[in-house]
Amino acid sequence: ETPPVSLKMVGYEVLHKRSKFTVYKILVKGHQRDSWVIFRRYSDFYKLRDELRELFPSLGVTLPPKRFFKDNYEKKFLDGRRLGLQTFLQNVTSHQDAVSSEAVQNFLCAVGRLSPFDSLEESRAVCETLEDSNHHLQMELLDNQREIDTLKKKLEEKENHIRLLVKKL
């Protein structure tokens, strides 16, 4: 199995099952234009880091630190941790042997993907992510359409101005 082309942290979701915890949403893009979203807890990253240290002692990948005495669910902390986890993923994917390892492939659900959702909450989180992406794309499309309309109007004005100048000649 060829390793994925890119990994991008697209957000996080604080879930309340039996206890409160955060899952981080990762968009995995493969070589064949396929992509999928996976959800991982900080403990999953920690486990992967330990497995990689055992397999590749010189790899030197680090995670953002654990937080013991403050609120793990405040936005500023979660945003910082998300960025740290993105850096971790970039470091892992830049190492060909690591990204091809069974540990990373399992972490990314790159082998034998049947369903990316383990629970209804994860399904809901995926739907919300897709809705957010859709909304942002629609807003971007609307902005682009406005710019196109403005440019068309300016072009028409310039063409009319050129016609007037040509008539005066």
# chains A, B, ... in the order shown; residues from 1 in each chain; ligands from 1
$ select_by_dssp --residues "region 14-113 of chain A" --states "strand (DSSP E)" --output "ChimeraX atom specification"
/A:14-16,20-29,35-40
$ write_last_selection --atoms "N, CA and C atoms" --output "PDB file, in the first residue's frame"
ATOM      1  N   VAL A  14     -15.019  18.228  20.623  1.00  0.00           N
ATOM      2  CA  VAL A  14     -15.095  17.770  22.006  1.00  0.00           C
ATOM      3  C   VAL A  14     -16.358  16.924  22.120  1.00  0.00           C
ATOM      4  N   LEU A  15     -16.181  15.662  22.476  1.00  0.00           N
ATOM      5  CA  LEU A  15     -17.298  14.723  22.544  1.00  0.00           C
ATOM      6  C   LEU A  15     -17.599  14.365  23.993  1.00  0.00           C
ATOM      7  N   HIS A  16     -18.838  13.975  24.225  1.00  0.00           N
ATOM      8  CA  HIS A  16     -19.273  13.572  25.566  1.00  0.00           C
ATOM      9  C   HIS A  16     -19.917  12.196  25.459  1.00  0.00           C
ATOM     10  N   LYS A  20     -15.890  13.257  28.980  1.00  0.00           N
ATOM     11  CA  LYS A  20     -15.590  14.296  27.995  1.00  0.00           C
ATOM     12  C   LYS A  20     -14.190  14.054  27.417  1.00  0.00           C
ATOM     13  N   PHE A  21     -14.068  14.121  26.095  1.00  0.00           N
ATOM     14  CA  PHE A  21     -12.763  13.984  25.453  1.00  0.00           C
ATOM     15  C   PHE A  21     -12.789  14.699  24.108  1.00  0.00           C
ATOM     16  N   THR A  22     -11.599  14.912  23.560  1.00  0.00           N
ATOM     17  CA  THR A  22     -11.460  15.613  22.286  1.00  0.00           C
ATOM     18  C   THR A  22     -10.964  14.641  21.228  1.00  0.00           C
ATOM     19  N   VAL A  23     -11.585  14.698  20.050  1.00  0.00           N
ATOM     20  CA  VAL A  23     -11.059  13.967  18.902  1.00  0.00           C
ATOM     21  C   VAL A  23     -10.603  14.998  17.878  1.00  0.00           C
ATOM     22  N   TYR A  24      -9.498  14.686  17.241  1.00  0.00           N
ATOM     23  CA  TYR A  24      -8.935  15.562  16.219  1.00  0.00           C
ATOM     24  C   TYR A  24      -9.274  14.976  14.859  1.00  0.00           C
ATOM     25  N   LYS A  25      -9.743  15.852  13.970  1.00  0.00           N
ATOM     26  CA  LYS A  25     -10.157  15.428  12.631  1.00  0.00           C
ATOM     27  C   LYS A  25      -8.974  15.595  11.684  1.00  0.00           C
ATOM     28  N   ILE A  26      -8.665  14.537  10.962  1.00  0.00           N
ATOM     29  CA  ILE A  26      -7.535  14.554  10.039  1.00  0.00           C
ATOM     30  C   ILE A  26      -8.037  14.163   8.660  1.00  0.00           C
ATOM     31  N   LEU A  27      -7.776  15.021   7.686  1.00  0.00           N
ATOM     32  CA  LEU A  27      -8.104  14.718   6.296  1.00  0.00           C
ATOM     33  C   LEU A  27      -6.895  14.026   5.684  1.00  0.00           C
ATOM     34  N   VAL A  28      -7.095  12.803   5.227  1.00  0.00           N
ATOM     35  CA  VAL A  28      -6.034  12.010   4.609  1.00  0.00           C
ATOM     36  C   VAL A  28      -6.308  11.980   3.113  1.00  0.00           C
ATOM     37  N   LYS A  29      -5.336  12.431   2.322  1.00  0.00           N
ATOM     38  CA  LYS A  29      -5.480  12.402   0.862  1.00  0.00           C
ATOM     39  C   LYS A  29      -4.495  11.395   0.299  1.00  0.00           C
ATOM     40  N   SER A  35      -9.782  10.387  -0.673  1.00  0.00           N
ATOM     41  CA  SER A  35      -9.515  11.039   0.603  1.00  0.00           C
ATOM     42  C   SER A  35     -10.538  10.554   1.617  1.00  0.00           C
ATOM     43  N   TRP A  36     -10.163  10.641   2.865  1.00  0.00           N
ATOM     44  CA  TRP A  36     -11.056  10.247   3.939  1.00  0.00           C
ATOM     45  C   TRP A  36     -10.693  11.029   5.184  1.00  0.00           C
ATOM     46  N   VAL A  37     -11.623  11.073   6.108  1.00  0.00           N
ATOM     47  CA  VAL A  37     -11.411  11.768   7.372  1.00  0.00           C
ATOM     48  C   VAL A  37     -11.309  10.722   8.471  1.00  0.00           C
ATOM     49  N   ILE A  38     -10.292  10.892   9.312  1.00  0.00           N
ATOM     50  CA  ILE A  38     -10.165  10.016  10.474  1.00  0.00           C
ATOM     51  C   ILE A  38     -10.241  10.870  11.729  1.00  0.00           C
ATOM     52  N   PHE A  39     -10.573  10.239  12.817  1.00  0.00           N
ATOM     53  CA  PHE A  39     -10.681  10.913  14.109  1.00  0.00           C
ATOM     54  C   PHE A  39      -9.735  10.235  15.073  1.00  0.00           C
ATOM     55  N   ARG A  40      -8.888  11.024  15.727  1.00  0.00           N
ATOM     56  CA  ARG A  40      -7.932  10.462  16.667  1.00  0.00           C
ATOM     57  C   ARG A  40      -7.885  11.301  17.933  1.00  0.00           C
TER      58      ARG A  40
END
$ select_by_dssp --residues "region 72-145 of chain A" --states "helix (DSSP H, G or I)" --output "number ranges by chain"
A: 75-93, 96-100, 102-107, 120-145
$ atom_distance --atom1 "CA of His95 (chain A)" --atom2 "CA of Lys47 (chain A)"
17.8 Å
$ residues_around --residues "Leu52 (chain A)" --least-positions-apart "6" --cutoff "12 Å" --atoms "only C-alpha atoms" --output "VMD selection string"
chain A and resid 45 to 46 58 to 62 88 to 89 91 to 93 95 97 to 105 107
$ atom_distance --atom1 "CA of Ser19 (chain A)" --atom2 "CA of Asp132 (chain A)"
25.8 Å
$ atom_distance --atom1 "CA of Thr129 (chain A)" --atom2 "CA of Met9 (chain A)"
11.5 Å
$ closest_atom_pairs --of "region 67-143 of chain A" --to "region 148-162 of chain A" --cutoff "12 Å" --atoms "only C-alpha atoms" --output "Markdown table"
| residue | atom | partner | partner_atom | distance |
| --- | --- | --- | --- | --- |
| A:Leu141 | CA | A:Ile148 | CA | 10.3 |
| A:Leu142 | CA | A:Ile148 | CA | 9.8 |
| A:Asp143 | CA | A:Ile148 | CA | 8.7 |
$ write_last_selection --atoms "C-alpha atoms" --output "compact mmCIF listing (two decimals), in the first residue's frame"
# COMPACT_ATOMS: atom_id res chain seq x y z
CA LEU A 141 -17.74 30.78 -4.81
CA LEU A 142 -20.06 33.71 -4.10
CA ASP A 143 -17.08 36.04 -3.58
$ closest_residue --among "A:Tyr42, A:Cys127, A:Asn144, A:Gln90" --to "Leu78 (chain A)" --atoms "only C-alpha atoms"
A:Tyr42
